[in-house]
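Structure file run18.pdb; described as PDB, C-alpha atoms and all ligand atoms.
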```
ATOM      1  CA  PRO Z  25       0.000   0.000   0.000
ATOM      2  CA  SER Z  26       0.991   3.613  -0.657
ATOM      3  CA  LYS Z  27       0.607   4.731   3.015
ATOM      4  CA  ARG Z  28      -0.388   8.135   1.749
ATOM      5  CA  PHE Z  29      -1.699   9.222   5.168
ATOM      6  CA  LYS Z  30       1.443   8.236   7.071
ATOM      7  CA  GLY Z  31       2.088  10.659   9.938
ATOM      8  CA  GLN Z  32      -1.438  12.078   9.788
ATOM      9  CA  ASN Z  33      -4.168  11.896  12.408
ATOM     10  CA  VAL Z  34      -7.791  11.305  11.479
ATOM     11  CA  LEU Z  35     -10.926  11.454  13.640
ATOM     12  CA  ILE Z  36     -13.935   9.484  12.332
ATOM     13  CA  THR Z  37     -17.409   9.722  13.856
ATOM     14  CA  GLY Z  38     -19.758   6.730  13.851
ATOM     15  CA  ALA Z  39     -16.930   4.288  13.269
ATOM     16  CA  SER Z  40     -18.261   1.287  15.177
ATOM     17  CA  GLN Z  41     -19.804  -0.271  12.052
ATOM     18  CA  GLY Z  42     -20.772   0.322   8.420
ATOM     19  CA  ILE Z  43     -19.146   3.071   6.379
ATOM     20  CA  GLY Z  44     -17.409   4.653   9.390
ATOM     21  CA  GLU Z  45     -15.704   1.374  10.240
ATOM     22  CA  ALA Z  46     -14.618   0.970   6.601
ATOM     23  CA  ALA Z  47     -13.195   4.498   6.723
ATOM     24  CA  ALA Z  48     -11.227   3.651   9.872
ATOM     25  CA  GLN Z  49      -9.799   0.574   8.128
ATOM     26  CA  TYR Z  50      -8.947   2.639   5.046
ATOM     27  CA  PHE Z  51      -7.067   5.414   6.879
ATOM     28  CA  ALA Z  52      -5.217   3.021   9.197
ATOM     29  CA  LYS Z  53      -4.176   0.914   6.191
ATOM     30  CA  GLU Z  54      -2.894   4.082   4.531
ATOM     31  CA  GLY Z  55      -0.706   4.775   7.552
ATOM     32  CA  ALA Z  56      -2.801   7.257   9.557
ATOM     33  CA  ARG Z  57      -3.412   7.129  13.259
ATOM     34  CA  VAL Z  58      -7.169   7.174  13.786
ATOM     35  CA  ALA Z  59      -9.518   8.179  16.592
ATOM     36  CA  ILE Z  60     -12.741   6.217  16.242
ATOM     37  CA  ASN Z  61     -15.956   7.630  17.666
ATOM     38  CA  GLY Z  62     -19.213   5.879  18.431
ATOM     39  CA  ARG Z  63     -21.504   5.582  21.405
ATOM     40  CA  LYS Z  64     -20.514   2.113  22.603
ATOM     41  CA  GLU Z  65     -17.043   1.557  23.994
ATOM     42  CA  ASP Z  66     -17.115  -2.239  23.608
ATOM     43  CA  LYS Z  67     -18.005  -2.057  19.902
ATOM     44  CA  LEU Z  68     -15.263   0.497  19.305
ATOM     45  CA  ARG Z  69     -12.749  -1.658  21.151
ATOM     46  CA  ALA Z  70     -13.640  -4.614  18.910
ATOM     47  CA  VAL Z  71     -13.090  -2.460  15.782
ATOM     48  CA  LEU Z  72      -9.836  -1.082  17.189
ATOM     49  CA  GLU Z  73      -8.412  -4.581  17.519
ATOM     50  CA  THR Z  74      -8.931  -5.224  13.801
ATOM     51  CA  LEU Z  75      -7.206  -2.016  12.605
ATOM     52  CA  PRO Z  76      -3.776  -2.206  10.956
ATOM     53  CA  LYS Z  77      -1.117  -0.956  13.380
ATOM     54  CA  VAL Z  78       0.853   2.192  12.563
ATOM     55  CA  GLU Z  79       4.299   3.370  13.658
ATOM     56  CA  ALA Z  80       3.069   6.660  15.155
ATOM     57  CA  GLY Z  81       1.308   4.950  18.036
ATOM     58  CA  GLU Z  82      -1.899   3.305  19.154
ATOM     59  CA  HIS Z  83      -5.211   4.161  17.557
ATOM     60  CA  VAL Z  84      -7.627   5.956  19.863
ATOM     61  CA  ILE Z  85     -11.162   5.355  21.086
ATOM     62  CA  ALA Z  86     -13.356   8.463  21.330
ATOM     63  CA  THR Z  87     -16.613   7.304  22.879
ATOM     64  CA  GLY Z  88     -19.595   9.637  23.014
ATOM     65  CA  ASP Z  89     -22.765  10.999  21.477
ATOM     66  CA  ILE Z  90     -21.839  13.646  18.903
ATOM     67  CA  SER Z  91     -25.102  15.527  19.380
ATOM     68  CA  HIS Z  92     -23.984  16.648  22.875
ATOM     69  CA  GLU Z  93     -21.843  19.770  22.929
ATOM     70  CA  GLU Z  94     -19.758  18.988  26.006
ATOM     71  CA  THR Z  95     -19.206  15.391  24.933
ATOM     72  CA  VAL Z  96     -17.889  16.544  21.549
ATOM     73  CA  GLN Z  97     -15.559  19.068  23.187
ATOM     74  CA  LYS Z  98     -14.236  16.410  25.548
ATOM     75  CA  LEU Z  99     -13.718  13.726  22.923
ATOM     76  CA  PHE Z 100     -11.894  16.104  20.556
ATOM     77  CA  LYS Z 101      -9.652  17.350  23.372
ATOM     78  CA  GLU Z 102      -8.795  13.817  24.492
ATOM     79  CA  SER Z 103      -8.284  12.475  20.954
ATOM     80  CA  ILE Z 104      -6.028  15.361  19.923
ATOM     81  CA  GLU Z 105      -4.018  15.029  23.137
ATOM     82  CA  ALA Z 106      -3.605  11.297  22.573
ATOM     83  CA  MET Z 107      -2.653  11.557  18.880
ATOM     84  CA  GLY Z 108      -0.678  14.807  19.153
ATOM     85  CA  SER Z 109      -2.646  16.634  16.419
ATOM     86  CA  LEU Z 110      -5.542  16.390  13.979
ATOM     87  CA  ASP Z 111      -5.351  16.589  10.172
ATOM     88  CA  VAL Z 112      -8.615  15.120   8.904
ATOM     89  CA  LEU Z 113     -12.152  14.999  10.282
ATOM     90  CA  ILE Z 114     -14.598  12.471   8.823
ATOM     91  CA  CYS Z 115     -18.151  13.399   9.888
ATOM     92  CA  ASN Z 116     -19.847  10.091   9.226
ATOM     93  CA  ALA Z 117     -22.274   9.365  12.080
ATOM     94  CA  GLY Z 118     -25.900   9.630  11.069
ATOM     95  CA  TYR Z 119     -29.203   7.807  11.267
ATOM     96  CA  GLN Z 120     -32.793   7.798  10.069
ATOM     97  CA  ILE Z 121     -36.247   6.924  11.402
ATOM     98  CA  PRO Z 122     -39.050   5.959   8.994
ATOM     99  CA  SER Z 123     -42.598   7.248   9.405
ATOM    100  CA  PRO Z 124     -45.402   8.574   7.222
ATOM    101  CA  SER Z 125     -44.763  12.304   7.378
ATOM    102  CA  GLU Z 126     -48.192  13.084   8.848
ATOM    103  CA  ASP Z 127     -47.240  10.945  11.858
ATOM    104  CA  VAL Z 128     -43.676  12.133  12.439
ATOM    105  CA  LYS Z 129     -42.906  12.416  16.125
ATOM    106  CA  LEU Z 130     -41.242  15.689  17.082
ATOM    107  CA  ALA Z 131     -38.666  13.864  19.221
ATOM    108  CA  ASP Z 132     -37.717  11.595  16.293
ATOM    109  CA  PHE Z 133     -37.444  14.517  13.865
ATOM    110  CA  GLU Z 134     -35.334  16.549  16.278
ATOM    111  CA  GLY Z 135     -33.254  13.510  17.167
ATOM    112  CA  VAL Z 136     -32.246  12.918  13.544
ATOM    113  CA  LEU Z 137     -31.407  16.597  13.040
ATOM    114  CA  SER Z 138     -29.438  16.713  16.289
ATOM    115  CA  VAL Z 139     -27.037  14.003  15.071
ATOM    116  CA  ASN Z 140     -27.033  14.494  11.284
ATOM    117  CA  VAL Z 141     -26.867  18.311  11.354
ATOM    118  CA  THR Z 142     -25.995  19.631  14.824
ATOM    119  CA  GLY Z 143     -23.513  16.799  15.354
ATOM    120  CA  VAL Z 144     -21.722  17.697  12.129
ATOM    121  CA  MET Z 145     -21.632  21.364  13.160
ATOM    122  CA  LEU Z 146     -20.261  20.569  16.647
ATOM    123  CA  CYS Z 147     -17.510  18.318  15.278
ATOM    124  CA  CYS Z 148     -16.539  20.758  12.508
ATOM    125  CA  ARG Z 149     -16.449  23.600  15.043
ATOM    126  CA  GLU Z 150     -14.019  21.758  17.328
ATOM    127  CA  ALA Z 151     -11.779  20.792  14.407
ATOM    128  CA  LEU Z 152     -11.814  24.350  13.009
ATOM    129  CA  ARG Z 153     -10.915  25.848  16.376
ATOM    130  CA  TYR Z 154      -7.933  23.524  16.641
ATOM    131  CA  TRP Z 155      -6.809  24.074  13.030
ATOM    132  CA  LEU Z 156      -7.069  27.882  13.271
ATOM    133  CA  LYS Z 157      -5.185  27.968  16.566
ATOM    134  CA  HIS Z 158      -2.376  25.779  15.253
ATOM    135  CA  GLY Z 159      -2.303  26.909  11.612
ATOM    136  CA  VAL Z 160      -3.210  23.439  10.314
ATOM    137  CA  LYS Z 161      -4.567  23.084   6.778
ATOM    138  CA  GLY Z 162      -7.176  20.577   7.863
ATOM    139  CA  ARG Z 163      -9.683  18.748   5.748
ATOM    140  CA  VAL Z 164     -13.265  17.796   6.532
ATOM    141  CA  VAL Z 165     -15.190  15.114   4.668
ATOM    142  CA  VAL Z 166     -18.863  14.842   5.593
ATOM    143  CA  ASN Z 167     -20.896  11.747   4.796
ATOM    144  CA  SER Z 168     -24.067  13.125   3.253
ATOM    145  CA  SER Z 169     -26.377  11.044   1.019
ATOM    146  CA  VAL Z 170     -27.997  10.988  -2.416
ATOM    147  CA  HIS Z 171     -30.977  12.180  -0.358
ATOM    148  CA  GLN Z 172     -29.455  15.638  -0.180
ATOM    149  CA  LEU Z 173     -30.802  15.711  -3.764
ATOM    150  CA  ILE Z 174     -33.371  12.901  -4.161
ATOM    151  CA  PRO Z 175     -36.447  13.295  -1.924
ATOM    152  CA  LYS Z 176     -36.939  10.392   0.498
ATOM    153  CA  PRO Z 177     -40.629  10.000   1.370
ATOM    154  CA  HIS Z 178     -41.251   8.550   4.851
ATOM    155  CA  TYR Z 179     -37.889   9.933   5.980
ATOM    156  CA  LEU Z 180     -38.660  13.633   6.325
ATOM    157  CA  GLY Z 181     -36.075  14.370   9.021
ATOM    158  CA  TYR Z 182     -33.368  12.457   7.181
ATOM    159  CA  SER Z 183     -34.051  14.254   3.863
ATOM    160  CA  ALA Z 184     -34.065  17.623   5.627
ATOM    161  CA  SER Z 185     -30.843  16.777   7.450
ATOM    162  CA  LYS Z 186     -28.925  15.831   4.309
ATOM    163  CA  GLY Z 187     -30.203  18.931   2.487
ATOM    164  CA  ALA Z 188     -28.834  20.947   5.384
ATOM    165  CA  VAL Z 189     -25.499  19.144   5.214
ATOM    166  CA  ASP Z 190     -25.141  20.144   1.550
ATOM    167  CA  ASN Z 191     -25.411  23.824   2.435
ATOM    168  CA  MET Z 192     -23.298  23.505   5.578
ATOM    169  CA  VAL Z 193     -20.449  21.960   3.585
ATOM    170  CA  ARG Z 194     -20.504  24.762   1.015
ATOM    171  CA  THR Z 195     -20.801  27.480   3.647
ATOM    172  CA  LEU Z 196     -17.879  26.155   5.692
ATOM    173  CA  ALA Z 197     -15.834  25.592   2.536
ATOM    174  CA  LEU Z 198     -16.257  29.238   1.538
ATOM    175  CA  GLU Z 199     -15.635  30.597   5.017
ATOM    176  CA  TYR Z 200     -12.297  28.789   5.459
ATOM    177  CA  ALA Z 201     -10.994  28.423   1.887
ATOM    178  CA  SER Z 202      -8.555  31.313   2.189
ATOM    179  CA  ARG Z 203      -7.000  29.648   5.228
ATOM    180  CA  GLY Z 204      -6.294  26.428   3.358
ATOM    181  CA  ILE Z 205      -8.959  24.371   5.106
ATOM    182  CA  ARG Z 206     -11.032  22.250   2.718
ATOM    183  CA  VAL Z 207     -14.560  20.960   3.345
ATOM    184  CA  ASN Z 208     -16.222  18.433   1.035
ATOM    185  CA  ALA Z 209     -18.846  15.706   1.151
ATOM    186  CA  VAL Z 210     -19.461  12.262  -0.233
ATOM    187  CA  ALA Z 211     -23.038  11.332  -1.119
ATOM    188  CA  PRO Z 212     -23.491   7.550  -1.053
ATOM    189  CA  GLY Z 213     -26.334   5.812  -2.841
ATOM    190  CA  ALA Z 214     -27.572   2.471  -1.511
ATOM    191  CA  ILE Z 215     -24.729   0.855   0.431
ATOM    192  CA  VAL Z 216     -24.641  -2.534   2.145
ATOM    193  CA  THR Z 217     -24.424  -1.583   5.849
ATOM    194  CA  PRO Z 218     -26.416  -2.323   9.028
ATOM    195  CA  ILE Z 219     -28.497   0.873   8.494
ATOM    196  CA  ASN Z 220     -30.045  -0.993   5.527
ATOM    197  CA  ASP Z 221     -30.643  -4.367   7.173
ATOM    198  CA  SER Z 222     -34.320  -4.150   6.163
ATOM    199  CA  TRP Z 223     -33.464  -4.739   2.475
ATOM    200  CA  VAL Z 224     -29.926  -6.122   2.689
ATOM    201  CA  LYS Z 225     -31.140  -9.214   4.552
ATOM    202  CA  ASP Z 226     -34.233  -9.822   2.396
ATOM    203  CA  PRO Z 227     -33.297 -11.365  -1.000
ATOM    204  CA  GLU Z 228     -36.476 -10.085  -2.725
ATOM    205  CA  GLN Z 229     -36.034  -6.534  -1.476
ATOM    206  CA  TYR Z 230     -32.315  -6.646  -2.223
ATOM    207  CA  LYS Z 231     -33.103  -7.527  -5.847
ATOM    208  CA  ALA Z 232     -35.679  -4.736  -6.038
ATOM    209  CA  VAL Z 233     -33.186  -2.156  -4.734
ATOM    210  CA  ALA Z 234     -30.435  -3.387  -7.099
ATOM    211  CA  SER Z 235     -32.755  -3.200 -10.113
ATOM    212  CA  HIS Z 236     -33.308   0.560  -9.549
ATOM    213  CA  ILE Z 237     -29.599   1.342  -9.629
ATOM    214  CA  PRO Z 238     -28.092   1.965 -13.097
ATOM    215  CA  MET Z 239     -25.065  -0.199 -12.183
ATOM    216  CA  LYS Z 240     -27.508  -2.882 -10.955
ATOM    217  CA  ARG Z 241     -25.930  -3.417  -7.558
ATOM    218  CA  PRO Z 242     -25.673  -1.638  -4.213
ATOM    219  CA  GLY Z 243     -22.317  -0.216  -3.179
ATOM    220  CA  GLU Z 244     -19.880  -1.490  -0.568
ATOM    221  CA  SER Z 245     -18.661   0.583   2.386
ATOM    222  CA  GLN Z 246     -15.128   0.296   1.033
ATOM    223  CA  GLU Z 247     -16.178   2.171  -2.102
ATOM    224  CA  ILE Z 248     -17.328   5.106   0.036
ATOM    225  CA  ALA Z 249     -14.158   4.994   2.145
ATOM    226  CA  ASP Z 250     -12.082   5.232  -1.057
ATOM    227  CA  ALA Z 251     -13.917   8.431  -2.031
ATOM    228  CA  MET Z 252     -13.432   9.847   1.477
ATOM    229  CA  GLY Z 253      -9.736   9.092   1.165
ATOM    230  CA  PHE Z 254      -9.534  10.970  -2.133
ATOM    231  CA  LEU Z 255     -11.252  14.058  -0.684
ATOM    232  CA  ALA Z 256      -9.000  13.987   2.392
ATOM    233  CA  SER Z 257      -5.790  13.573   0.376
ATOM    234  CA  GLU Z 258      -3.476  15.842  -1.616
ATOM    235  CA  GLU Z 259      -4.954  14.414  -4.821
ATOM    236  CA  SER Z 260      -7.964  16.672  -4.241
ATOM    237  CA  SER Z 261      -5.884  19.691  -3.159
ATOM    238  CA  TYR Z 262      -7.864  22.191  -5.305
ATOM    239  CA  ILE Z 263     -11.335  20.820  -4.488
ATOM    240  CA  THR Z 264     -13.507  22.427  -1.817
ATOM    241  CA  GLY Z 265     -17.237  22.841  -1.180
ATOM    242  CA  GLN Z 266     -18.108  19.897  -3.416
ATOM    243  CA  THR Z 267     -20.204  16.765  -3.044
ATOM    244  CA  LEU Z 268     -18.905  13.631  -4.713
ATOM    245  CA  TYR Z 269     -21.808  11.290  -5.510
ATOM    246  CA  VAL Z 270     -20.784   7.642  -5.099
ATOM    247  CA  ASP Z 271     -23.988   5.968  -6.115
ATOM    248  CA  GLY Z 272     -23.633   3.594  -9.092
ATOM    249  CA  GLY Z 273     -25.517   6.155 -11.192
ATOM    250  CA  LEU Z 274     -28.532   6.510  -8.887
ATOM    251  CA  THR Z 275     -28.698  10.278  -9.428
ATOM    252  CA  LEU Z 276     -28.666   9.962 -13.253
ATOM    253  CA  PHE Z 277     -32.470   9.767 -13.786
ATOM    254  CA  GLY Z 278     -32.214   6.028 -14.571
ATOM    255  CA  ASP Z 279     -35.567   5.839 -16.395
ATOM    256  CA  PHE Z 280     -34.026   7.707 -19.333
ATOM    257  CA  GLU Z 281     -31.780   4.720 -20.008
ATOM    258  CA  LYS Z 282     -34.780   3.354 -21.935
ATOM    259  CA  ASN Z 283     -34.169   5.819 -24.793
ATOM    260  CA  TRP Z 284     -37.471   7.693 -24.879
ATOM    261  CA  SER Z 285     -37.700   9.524 -28.201
TER
HETATM  262  P1  LIG S   1     -24.694   2.526  10.369
HETATM  263  O1  LIG S   1     -25.978   2.630  11.115
HETATM  264  O2  LIG S   1     -24.179   1.195   9.990
HETATM  265  O3  LIG S   1     -23.553   3.294  11.190
HETATM  266  C1  LIG S   1     -23.780   4.562  11.758
HETATM  267  C2  LIG S   1     -22.746   4.826  12.800
HETATM  268  O4  LIG S   1     -23.027   6.091  13.415
HETATM  269  C3  LIG S   1     -22.739   3.802  13.908
HETATM  270  O5  LIG S   1     -21.399   3.571  14.272
HETATM  271  C4  LIG S   1     -23.488   4.508  15.020
HETATM  272  O6  LIG S   1     -23.130   4.054  16.300
HETATM  273  C5  LIG S   1     -23.022   5.917  14.814
HETATM  274  N1  LIG S   1     -23.861   6.915  15.442
HETATM  275  C6  LIG S   1     -25.198   7.103  15.274
HETATM  276  N2  LIG S   1     -25.611   8.095  16.077
HETATM  277  C7  LIG S   1     -24.513   8.550  16.740
HETATM  278  C8  LIG S   1     -24.300   9.565  17.699
HETATM  279  N3  LIG S   1     -25.301  10.302  18.163
HETATM  280  N4  LIG S   1     -23.044   9.762  18.161
HETATM  281  C9  LIG S   1     -22.024   9.000  17.714
HETATM  282  N5  LIG S   1     -22.174   8.024  16.816
HETATM  283  C10 LIG S   1     -23.405   7.802  16.340
HETATM  284  O7  LIG S   1     -24.871   3.466   9.112
HETATM  285  P2  LIG S   1     -24.037   3.631   7.746
HETATM  286  O8  LIG S   1     -24.875   3.099   6.655
HETATM  287  O9  LIG S   1     -22.634   3.213   7.891
HETATM  288  O10 LIG S   1     -24.137   5.221   7.631
HETATM  289  C11 LIG S   1     -23.102   6.105   7.938
HETATM  290  C12 LIG S   1     -23.417   7.437   7.282
HETATM  291  O11 LIG S   1     -23.600   7.220   5.888
HETATM  292  C13 LIG S   1     -24.680   8.114   7.782
HETATM  293  O12 LIG S   1     -24.459   9.506   7.912
HETATM  294  C14 LIG S   1     -25.669   7.845   6.676
HETATM  295  O13 LIG S   1     -26.659   8.840   6.583
HETATM  296  C15 LIG S   1     -24.774   7.846   5.465
HETATM  297  N6  LIG S   1     -25.343   7.151   4.296
HETATM  298  C16 LIG S   1     -25.513   5.791   4.305
HETATM  299  C17 LIG S   1     -26.068   5.174   3.193
HETATM  300  C18 LIG S   1     -26.288   3.691   3.117
HETATM  301  O14 LIG S   1     -26.909   3.233   2.129
HETATM  302  N7  LIG S   1     -25.793   2.897   4.060
HETATM  303  C19 LIG S   1     -26.464   5.929   2.099
HETATM  304  C20 LIG S   1     -26.280   7.304   2.127
HETATM  305  C21 LIG S   1     -25.729   7.893   3.247
END
```
Whole structure given in structure tokens:
Amino acid sequence: PSKRFKGQNVLITGASQGIGEAAAQYFAKEGARVAINGRKEDKLRAVLETLPKVEAGEHVIATGDISHEETVQKLFKESIEAMGSLDVLICNAGYQIPSPSEDVKLADFEGVLSVNVTGVMLCCREALRYWLKHGVKGRVVVNSSVHQLIPKPHYLGYSASKGAVDNMVRTLALEYASRGIRVNAVAPGAIVTPINDSWVKDPEQYKAVASHIPMKRPGESQEIADAMGFLASEESSYITGQTLYVDGGLTLFGDFEKNWS
């Protein structure tokens, strides 16, 4: 492997499973020291044991709910102290709750926004404070979704949250561009992770989902981690405020493949 993140320190939220775990594997394999966040210490410890070791030191566990201000401040402080610095922030944690929109519970709606939007803001704010204080040209990659663009009926809070993420990424990118800090997003399509157990584990539903994707298959977490790596690396040094769709063509208006004329 190229080890293109050797000597760098990366904090990843929601890294106990799914795309966040794949991102942790990716950055550790590429030589970075990683701080993995999630809410459950035991799950994080299990992931930590599977990560490739790096010369710079042990990887770090950063347990806590990213929607709580003081928790975020504490886990950033402890992670940065343990690793010595921070170069890359991967804002990955997020969740969704289905409901017909006329029945949405206020607590569910606010809960989704508090993690998917406020959590991203809190983590970005801590990273920015550190980078500005220490003159670091940091990079943020936020995990958004194709649903920042495609409406997702029955998931009103989730759709709203990813729409907000789109604007937050562009706003932060503009605000800090002149200081060399880059902020971008990846927008996954349908990816095989525990968030999608409802269709991943049901062969009929899996086939139905795959048939709607122009590339005729869902994506793997690794394919999202690769895109995160690109946006966090020097290869994307002139890219900021952008969303990279990693979706097998899901956002290409697939019905037009049928050549209507
Ligand atoms: P997942 O449910 O497998 O993993 C989510 C992770 O976030 C878990 O580690 C969970 O513990 C953590 N998390 C949730 N709430 C948290 C909180 N308050 N504080 C700290 N950690 C918290 O989901 P996934 O599919 O890997 O999704 C990761 C991200 O990718 C999410 O932002 C999701 O919206 C986005 N995404 C996923 C898909 C997909 O098809 N899987 C598609 C588009 C976008």
Requested in this report: Name every residue that the PyMOL selection byres (((not hetatm)) within 7 of (chain S and resi 1)) selects in this structure, writing the answer as an NGL selection string with chains first and numbers rising.
Outcome: :Z and (37-44 or 61-63 or 88-91 or 116-119 or 139-140 or 167-170 or 211-220)
Query raised in the report: Written as a PyMOL selection string, what is the full residue list that the PyMOL selection byres (((chain Z and resi 145) around 12) and not hetatm) yields on the file shown?
Result: chain Z and resi 90-93+96-97+113+115+137-144+146-152+164+166+185+188-189+191-193+195-196
Report task. Excluding Leu35 (chain Z) and any residue of its chain fewer than 2 positions from it, enumerate the residues within 7 Å of it, using only C-alpha atoms, and give them as a ChimeraX atom specification. Result -> /Z:33,37,58-60,112-114
**Report entry** Closest of Z:Gly181, Z:Gly162, Z:Met252, Z:Met107 to Gly135 (chain Z) - atom-to-atom distances counting only C-alpha atoms
**Finding:**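 Checking each candidate against Gly135 (chain Z), we get Z:Gly181 as the closest.
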Would you list the residues near (-0.5, 10.3, 7.3) (no more than 9 Å away, in the coordinates of the file, using only C-alpha atoms) as a compact mmCIF listing (two decimals) with C-alpha atoms, in the coordinates of the input?
```
# COMPACT_ATOMS: atom_id res chain seq x y z
CA LYS Z 27 0.61 4.73 3.02
CA ARG Z 28 -0.39 8.14 1.75
CA PHE Z 29 -1.70 9.22 5.17
CA LYS Z 30 1.44 8.24 7.07
CA GLY Z 31 2.09 10.66 9.94
CA GLN Z 32 -1.44 12.08 9.79
CA ASN Z 33 -4.17 11.90 12.41
CA VAL Z 34 -7.79 11.30 11.48
CA PHE Z 51 -7.07 5.41 6.88
CA ALA Z 52 -5.22 3.02 9.20
CA GLU Z 54 -2.89 4.08 4.53
CA GLY Z 55 -0.71 4.78 7.55
CA ALA Z 56 -2.80 7.26 9.56
CA ARG Z 57 -3.41 7.13 13.26
CA ASP Z 111 -5.35 16.59 10.17
```
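Among the candidates Z:Leu173, Z:Leu180, Z:Ile104, Z:Leu156, the residue lying nearest to Asp132 (chain Z) is Z:Leu180 (atoms considered: all atoms listed in the file).
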Report task. Name all residues at most 12 Å from Glu105 (chain Z) (count only C-alpha atoms; drop same-chain ones fewer than 6 positions away) and give them as a list in words. Result ->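 Skipping anything fewer than 6 positions along the chain leaves Asn33, Ala59, Val84, Ala86, Lys98, Leu99 and Tyr154 of chain Z.
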Region 265-284 of chain Z, all listed atoms, 4 Å padding on each side: what axis-aligned box centre and edge lengths in Å to one decimal come out, as lines of an AutoDock Vina configuration file?
```
center_x = -27.4
center_y = 13.1
center_z = -13.0
size_x = 28.2
size_y = 27.5
size_z = 31.7
```
Query raised in the report: What is the CA of Lys186 (chain Z) to CA of Ala251 (chain Z) distance in Å?
Result: 17.9 Å
Query raised in the report: Out of Z:Ala232, Z:Ile263, Z:Ala201, Z:Val210, which residue has the shortest atom-to-atom distance to His171 (chain Z) when counting all atoms listed in the file?
Result: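 Using all atoms listed in the file, the shortest distance to His171 (chain Z) belongs to Z:Val210.
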Report task. May I have the residues within 12 Å of Thr74 (chain Z) as a ChimeraX atom specification, using only C-alpha atoms and disregarding those fewer than 6 positions away in the same chain? Result -> /Z:40,45-46,48-50,52-53,67-68,83
Any chance you could export the current selection's C-alpha atoms as an mmCIF file, in the coordinates of the input?
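Dumped everything to part32.cif:
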```cif
data_model
loop_
_atom_site.group_PDB
_atom_site.id
_atom_site.type_symbol
_atom_site.label_atom_id
_atom_site.label_comp_id
_atom_site.auth_asym_id
_atom_site.auth_seq_id
_atom_site.Cartn_x
_atom_site.Cartn_y
_atom_site.Cartn_z
ATOM 1 C CA SER Z 40 -18.261 1.287 15.177
ATOM 2 C CA GLU Z 45 -15.704 1.374 10.240
ATOM 3 C CA ALA Z 46 -14.618 0.970 6.601
ATOM 4 C CA ALA Z 48 -11.227 3.651 9.872
ATOM 5 C CA GLN Z 49 -9.799 0.574 8.128
ATOM 6 C CA TYR Z 50 -8.947 2.639 5.046
ATOM 7 C CA ALA Z 52 -5.217 3.021 9.197
ATOM 8 C CA LYS Z 53 -4.176 0.914 6.191
ATOM 9 C CA LYS Z 67 -18.005 -2.057 19.902
ATOM 10 C CA LEU Z 68 -15.263 0.497 19.305
ATOM 11 C CA HIS Z 83 -5.211 4.161 17.557
#
```
Query - Atomic separation - CA of Arg241 (chain Z) relative to CA of Pro227 (chain Z), Å - result: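 Computing the Euclidean distance for CA of Pro227 (chain Z) and CA of Arg241 (chain Z) yields 12.7 Å.
Among the candidates Z:Leu268, Z:Asn283, Z:Ala47, Z:Leu110, the one nearest to Ala249 (chain Z) when counting all atoms listed in the file is Z:Ala47.
Here CA of Arg203 (chain Z) and CA of Ile85 (chain Z) stand 29.3 Å from one another.
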Query raised in the report: Which is closer to Tyr179 (chain Z) than all the others in Z:Glu259, Z:Glu247, Z:Asp127, Z:Asp279, using only C-alpha atoms?
Result: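 Among the listed residues, the smallest separation from Tyr179 (chain Z) belongs to Z:Asp127.
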Enumerate, as a PDB file with C-alpha atoms, in the frame of the given file, the protein, DNA and RNA residues whose atoms approach (-46.9, 10.5, 8.6) to within 10 Å, taking into account only C-alpha atoms and the coordinate frame of the file.
```pdb
ATOM      1  CA  PRO Z 122     -39.050   5.959   8.994  1.00  0.00           C
ATOM      2  CA  SER Z 123     -42.598   7.248   9.405  1.00  0.00           C
ATOM      3  CA  PRO Z 124     -45.402   8.574   7.222  1.00  0.00           C
ATOM      4  CA  SER Z 125     -44.763  12.304   7.378  1.00  0.00           C
ATOM      5  CA  GLU Z 126     -48.192  13.084   8.848  1.00  0.00           C
ATOM      6  CA  ASP Z 127     -47.240  10.945  11.858  1.00  0.00           C
ATOM      7  CA  VAL Z 128     -43.676  12.133  12.439  1.00  0.00           C
ATOM      8  CA  LYS Z 129     -42.906  12.416  16.125  1.00  0.00           C
ATOM      9  CA  PRO Z 177     -40.629  10.000   1.370  1.00  0.00           C
ATOM     10  CA  HIS Z 178     -41.251   8.550   4.851  1.00  0.00           C
ATOM     11  CA  TYR Z 179     -37.889   9.933   5.980  1.00  0.00           C
ATOM     12  CA  LEU Z 180     -38.660  13.633   6.325  1.00  0.00           C
TER      13      LEU Z 180
END
```
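Residue nearest Leu276 (chain Z), chosen from Z:Ile174, Z:Ser260, Z:Asp250, Z:Tyr182 and counting only C-alpha atoms: Z:Ile174.
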Query raised in the report: For this file, the PyMOL selection byres (((chain Z and resi 208) around 7) and not hetatm) selects which residues, as a ChimeraX atom specification?
Result: /Z:164-166,193,206-207,209,255,264-267
